[in-house]
Amino acid sequence: MDVDLFVPCYVDQLVPQVGLASVALLERLGCRVRYDARQTCCGQPFVTTGALAEAERLAKRHLGLFAKAEAIVCPSASCVATVRHRYAELVGAEPARALAARTFELGEFLVRVLNRTDVGASFPHRVALLESCHGLRELELGWPSERIARAPAAGITESLLRAVAGLELCEPARPDECCGFGGAFSVTHPELSSRIGRAKLAALAQSGAEFVTGTDASCLLHLDGLRRREGAGPRFVHLAEILAGEVAA
Amino acid sequence: MSARLDERAAETLPHGPRLAAHDAAVFALRQKRDAAGRAEPDFERLREQARRIKAHALDHLDVQLERFEASAQRAGARVHFAADAAELRDVVGQLLARAGARRVVKSKSMLTEECGLNLHLEREGIEVVDTDLGERIVQLGHEPPSHILMPAIHRSRADIGALFERELGSAPGDTDPGRLTAAARRDLRARFLGADAAVTGANFAVAETGSLVLVTNEGNADLGMALPKLHVACLGIEKVVPTLADLAVFLRLLARSATGQPISAYTSLVTGPRPGAELHVVLVDNGRTKLLADHRHRSVLSCIRCGACLNTCPVYRRAGGHAYGWALPGPIGSVLGPALGGGAGAALPFSSTLCGSCSAVCPVKIDLHDQLVAWRLHGAPRGAGEIWLARAAGVLLARSWSYRLAGRAARALWPLLGRAGRANPLAGWLAARELPPHPGASFRARFAARARRSAE
């Protein structure tokens, strides 16, 4: 299957290993991976900071670049959520719907399109899952605790981790509480962002996890930044790195 | 994108045991709501029904209001309309003056908080006593409520003990909730008996019957209404629901969403005045018709003030209600703020991580986090610096060559970016966090190198 990689700007620039792990994983599962280096940013930071004109311009650009792609795969739930939930306003309802139907978060693509939960990965460690809010609530990769109906089954991200050989899943308190990142919020509201983040970090550490993983490297970078300031805590790695077997020693 | 909430939170709910206690107490309400919702098999169906009823009522608000006015008048109430906060204050002030009322008992009303009624009446020389226990605590402490439903949730038991010792003469050092409540009750009982008028809010107004619906756990509104000869009820125009059958849907959702109770201890329907007494209903606009005309944001008028969005909000729990700077805090306060909150509410849509939990708990299914985004894109004020920063970033990201160049520049400046200082745009990040380690070559560079290698 041909896959067009949608690598968010911050992954490209700040955590390139997440993009590389995504390529390795998809190729291992038999996909032919293409990457159009003209792509830059989907526009999410402009949506969340209220810069409508810039958001529209970048969304239209993104739409044009991926016009011919059949399956667009992205290792970031929040950027996929931007395409699915915010593009209608930016590029028009019909083009947005058509693009959203072809755009997948990486783990979602593995489970819903390739029908794979066991990707042959092995990671003999205690791991806690940090469900990013956009993955959880806007892409429904999991089942948020405030939902009244009982979860029908393990969420997508969780089921991928449960299939990893040797991986022991830890259960932190308030598992789906926001980490406090919030994009620009982390810079404009440092006090509140770090209050929420430090509580999250403590809950993750108390769960006994050696590693914390998730679908959004941005949330992980925020918590890792807090951890390194505090000097102790679990390591943060992206889901793609675990599934690809590319976690650096 | 003012970060006033951030700065105010550091002042009004500083680090320490009180912050942790606030978070825990408020989150416990969220968990009670979860349990109550799961115990009610119809919960999700009720939410959808409630959403539809509110949408319909708002779509026909003019008709509903006229119907309510006619029904209430038939039942013997007088109905007044107030265009804004100042008019509400005037109308209530005049009604009290005409009756010669000097002592007023109030039951909790977020609308009168929004309109600054207490302060106005006190300036007119009227003694105003809030009779909800939490509201009384914050009144004695000379501060506004910090939560829609739990006005004093930011205060500890020890705090309240000390306050009551000073204000009500409770035993020194007593922090027993039962005894402190008894002290408040003794003080309030005398004030109920001596009151000339009662001022209340209302949770709902039923157009069909002209009834006001007051929901409390303490019965304070009931006692207030039952004794004096004058009852003035103040409510926003969006509180009207068409029928008693509609009301039943909301009553099944309100307490479950708020505190996890199947129903509140007291639910009173007031239809017309008691014999020999007067009932006045003041319906307040204060920005609501403007919001109603705004197709993007009108859904926020569906709010039934249960507080569930506050309880689930990670930002509210760590900021405390006082940091929001106007009567309604939390997610609902941040989407009503730009329309109803004056200057203080304008920038609140930016004070959220957009986690979306608020939308998921709202009993009337307001799209709260989408509303936060909508305000950001349409109408919330942005500073000149932010506008220019977005423009510059937008230009850089519009072409891949300028984007690559910016990435290269950031790599070269990496050591500088990690240095704290006001001029650093990442100062907010560095306030609590380290910069990520230098990433080395970008993904695109490595992907291209890999493609070259495999081509060779």
# chains A, B, ... in the order shown; residues from 1 in each chain; ligands from 1
$ closest_atom_pairs --of "chain A" --to "chain B" --cutoff "7 Å" --atoms "only C-alpha atoms" --output "JSON lines"
{"residue": "A:Asp12", "atom": "CA", "partner": "B:Phe443", "partner_atom": "CA", "distance": 4.6}
{"residue": "A:Gln13", "atom": "CA", "partner": "B:Ser442", "partner_atom": "CA", "distance": 5.0}
{"residue": "A:Leu14", "atom": "CA", "partner": "B:Pro439", "partner_atom": "CA", "distance": 5.4}
{"residue": "A:Val15", "atom": "CA", "partner": "B:Pro439", "partner_atom": "CA", "distance": 6.2}
{"residue": "A:Pro16", "atom": "CA", "partner": "B:Phe443", "partner_atom": "CA", "distance": 4.3}
{"residue": "A:Gly19", "atom": "CA", "partner": "B:Phe443", "partner_atom": "CA", "distance": 6.3}
{"residue": "A:Leu20", "atom": "CA", "partner": "B:Phe443", "partner_atom": "CA", "distance": 6.9}
{"residue": "A:Ala37", "atom": "CA", "partner": "B:Arg444", "partner_atom": "CA", "distance": 6.5}
{"residue": "A:Arg38", "atom": "CA", "partner": "B:Ser400", "partner_atom": "CA", "distance": 5.2}
{"residue": "A:Gln39", "atom": "CA", "partner": "B:Ser400", "partner_atom": "CA", "distance": 6.7}
{"residue": "A:Thr40", "atom": "CA", "partner": "B:Leu397", "partner_atom": "CA", "distance": 5.9}
{"residue": "A:Cys41", "atom": "CA", "partner": "B:Leu397", "partner_atom": "CA", "distance": 6.5}
{"residue": "A:Val47", "atom": "CA", "partner": "B:Leu377", "partner_atom": "CA", "distance": 6.8}
{"residue": "A:Thr48", "atom": "CA", "partner": "B:Val373", "partner_atom": "CA", "distance": 6.3}
{"residue": "A:Thr49", "atom": "CA", "partner": "B:Arg376", "partner_atom": "CA", "distance": 6.5}
{"residue": "A:Gly50", "atom": "CA", "partner": "B:Leu377", "partner_atom": "CA", "distance": 4.1}
{"residue": "A:Ala51", "atom": "CA", "partner": "B:Leu377", "partner_atom": "CA", "distance": 6.4}
{"residue": "A:Leu52", "atom": "CA", "partner": "B:Leu377", "partner_atom": "CA", "distance": 5.6}
{"residue": "A:Glu54", "atom": "CA", "partner": "B:Gly394", "partner_atom": "CA", "distance": 5.4}
{"residue": "A:Leu58", "atom": "CA", "partner": "B:Ala398", "partner_atom": "CA", "distance": 6.5}
{"residue": "A:Cys133", "atom": "CA", "partner": "B:Cys355", "partner_atom": "CA", "distance": 5.0}
{"residue": "A:His134", "atom": "CA", "partner": "B:Cys355", "partner_atom": "CA", "distance": 6.7}
{"residue": "A:Arg137", "atom": "CA", "partner": "B:Gly356", "partner_atom": "CA", "distance": 6.6}
{"residue": "A:Glu146", "atom": "CA", "partner": "B:Asp34", "partner_atom": "CA", "distance": 6.1}
{"residue": "A:Arg147", "atom": "CA", "partner": "B:Ala360", "partner_atom": "CA", "distance": 6.8}
{"residue": "A:Ile148", "atom": "CA", "partner": "B:Arg38", "partner_atom": "CA", "distance": 5.5}
{"residue": "A:Cys178", "atom": "CA", "partner": "B:Cys355", "partner_atom": "CA", "distance": 6.2}
{"residue": "A:Gly180", "atom": "CA", "partner": "B:Thr353", "partner_atom": "CA", "distance": 6.3}
{"residue": "A:Phe181", "atom": "CA", "partner": "B:Thr353", "partner_atom": "CA", "distance": 6.6}
{"residue": "A:Gly182", "atom": "CA", "partner": "B:Thr353", "partner_atom": "CA", "distance": 3.9}
{"residue": "A:Phe185", "atom": "CA", "partner": "B:Thr353", "partner_atom": "CA", "distance": 6.2}
{"residue": "A:Ser186", "atom": "CA", "partner": "B:Trp429", "partner_atom": "CA", "distance": 6.3}
{"residue": "A:Val187", "atom": "CA", "partner": "B:Gly428", "partner_atom": "CA", "distance": 4.2}
{"residue": "A:Thr188", "atom": "CA", "partner": "B:Ala3", "partner_atom": "CA", "distance": 5.7}
{"residue": "A:His189", "atom": "CA", "partner": "B:Asp6", "partner_atom": "CA", "distance": 5.2}
{"residue": "A:Pro190", "atom": "CA", "partner": "B:Gly428", "partner_atom": "CA", "distance": 5.2}
{"residue": "A:Glu191", "atom": "CA", "partner": "B:Asp6", "partner_atom": "CA", "distance": 5.9}
{"residue": "A:Leu192", "atom": "CA", "partner": "B:Asp6", "partner_atom": "CA", "distance": 6.0}
{"residue": "A:Ser194", "atom": "CA", "partner": "B:Ala432", "partner_atom": "CA", "distance": 6.3}
{"residue": "A:Arg195", "atom": "CA", "partner": "B:Arg318", "partner_atom": "CA", "distance": 6.7}
{"residue": "A:Ile196", "atom": "CA", "partner": "B:Pro314", "partner_atom": "CA", "distance": 6.7}
{"residue": "A:Leu221", "atom": "CA", "partner": "B:Pro436", "partner_atom": "CA", "distance": 6.8}
{"residue": "A:Gly225", "atom": "CA", "partner": "B:Arg433", "partner_atom": "CA", "distance": 4.4}
{"residue": "A:Leu226", "atom": "CA", "partner": "B:Arg433", "partner_atom": "CA", "distance": 4.5}
{"residue": "A:Arg228", "atom": "CA", "partner": "B:Glu434", "partner_atom": "CA", "distance": 6.2}
{"residue": "A:Arg229", "atom": "CA", "partner": "B:Arg433", "partner_atom": "CA", "distance": 5.5}
$ select_by_dssp --residues "segment 16-156 of chain B" --states "helix (DSSP H, G or I)" --output "ChimeraX atom specification"
/B:17-39,43-59,61-74,85-98,110-114,117-123,133-140
$ decode --residues "segment 76-98 of chain B" --atoms "N, CA and C atoms" --output "short mmCIF file (atom, residue, chain, number, x, y, z; two decimals), in the first residue's frame"
data_model
loop_
_atom_site.label_atom_id
_atom_site.label_comp_id
_atom_site.auth_asym_id
_atom_site.auth_seq_id
_atom_site.Cartn_x
_atom_site.Cartn_y
_atom_site.Cartn_z
N GLY B 76 -50.34 36.16 38.74
CA GLY B 76 -50.27 37.25 39.72
C GLY B 76 -48.89 37.85 39.92
N ALA B 77 -47.92 37.42 39.14
CA ALA B 77 -46.58 38.00 39.26
C ALA B 77 -46.48 39.24 38.37
N ARG B 78 -45.55 40.13 38.70
CA ARG B 78 -45.25 41.27 37.82
C ARG B 78 -43.95 40.94 37.10
N VAL B 79 -43.92 41.17 35.79
CA VAL B 79 -42.73 40.83 35.02
C VAL B 79 -42.07 42.10 34.50
N HIS B 80 -40.77 42.20 34.72
CA HIS B 80 -39.99 43.35 34.25
C HIS B 80 -38.89 42.85 33.33
N PHE B 81 -38.51 43.70 32.40
CA PHE B 81 -37.36 43.36 31.55
C PHE B 81 -36.25 44.38 31.81
N ALA B 82 -35.02 43.87 31.92
CA ALA B 82 -33.88 44.76 32.11
C ALA B 82 -32.90 44.52 30.97
N ALA B 83 -32.52 45.61 30.30
CA ALA B 83 -31.67 45.48 29.12
C ALA B 83 -30.23 45.15 29.49
N ASP B 84 -29.79 45.65 30.63
CA ASP B 84 -28.39 45.40 30.99
C ASP B 84 -28.25 45.37 32.51
N ALA B 85 -27.02 45.25 32.97
CA ALA B 85 -26.76 45.12 34.40
C ALA B 85 -27.26 46.35 35.15
N ALA B 86 -27.03 47.53 34.58
CA ALA B 86 -27.43 48.77 35.26
C ALA B 86 -28.95 48.81 35.42
N GLU B 87 -29.66 48.38 34.38
CA GLU B 87 -31.12 48.38 34.48
C GLU B 87 -31.61 47.39 35.52
N LEU B 88 -30.95 46.24 35.60
CA LEU B 88 -31.35 45.27 36.62
C LEU B 88 -31.17 45.89 38.01
N ARG B 89 -30.02 46.51 38.21
CA ARG B 89 -29.75 47.11 39.52
C ARG B 89 -30.80 48.18 39.84
N ASP B 90 -31.15 48.99 38.83
CA ASP B 90 -32.16 50.03 39.04
C ASP B 90 -33.53 49.45 39.37
N VAL B 91 -33.93 48.46 38.56
CA VAL B 91 -35.27 47.87 38.76
C VAL B 91 -35.38 47.28 40.16
N VAL B 92 -34.37 46.48 40.54
CA VAL B 92 -34.42 45.85 41.86
C VAL B 92 -34.35 46.91 42.94
N GLY B 93 -33.46 47.88 42.75
CA GLY B 93 -33.33 48.96 43.73
C GLY B 93 -34.65 49.69 43.94
N GLN B 94 -35.35 49.99 42.83
CA GLN B 94 -36.62 50.72 42.94
C GLN B 94 -37.71 49.89 43.60
N LEU B 95 -37.75 48.60 43.25
CA LEU B 95 -38.76 47.73 43.86
C LEU B 95 -38.57 47.68 45.37
N LEU B 96 -37.29 47.58 45.79
CA LEU B 96 -37.02 47.51 47.22
C LEU B 96 -37.33 48.84 47.89
N ALA B 97 -36.97 49.94 47.20
CA ALA B 97 -37.21 51.26 47.78
C ALA B 97 -38.71 51.51 47.95
N ARG B 98 -39.47 51.13 46.92
CA ARG B 98 -40.91 51.36 46.97
C ARG B 98 -41.55 50.62 48.14
#
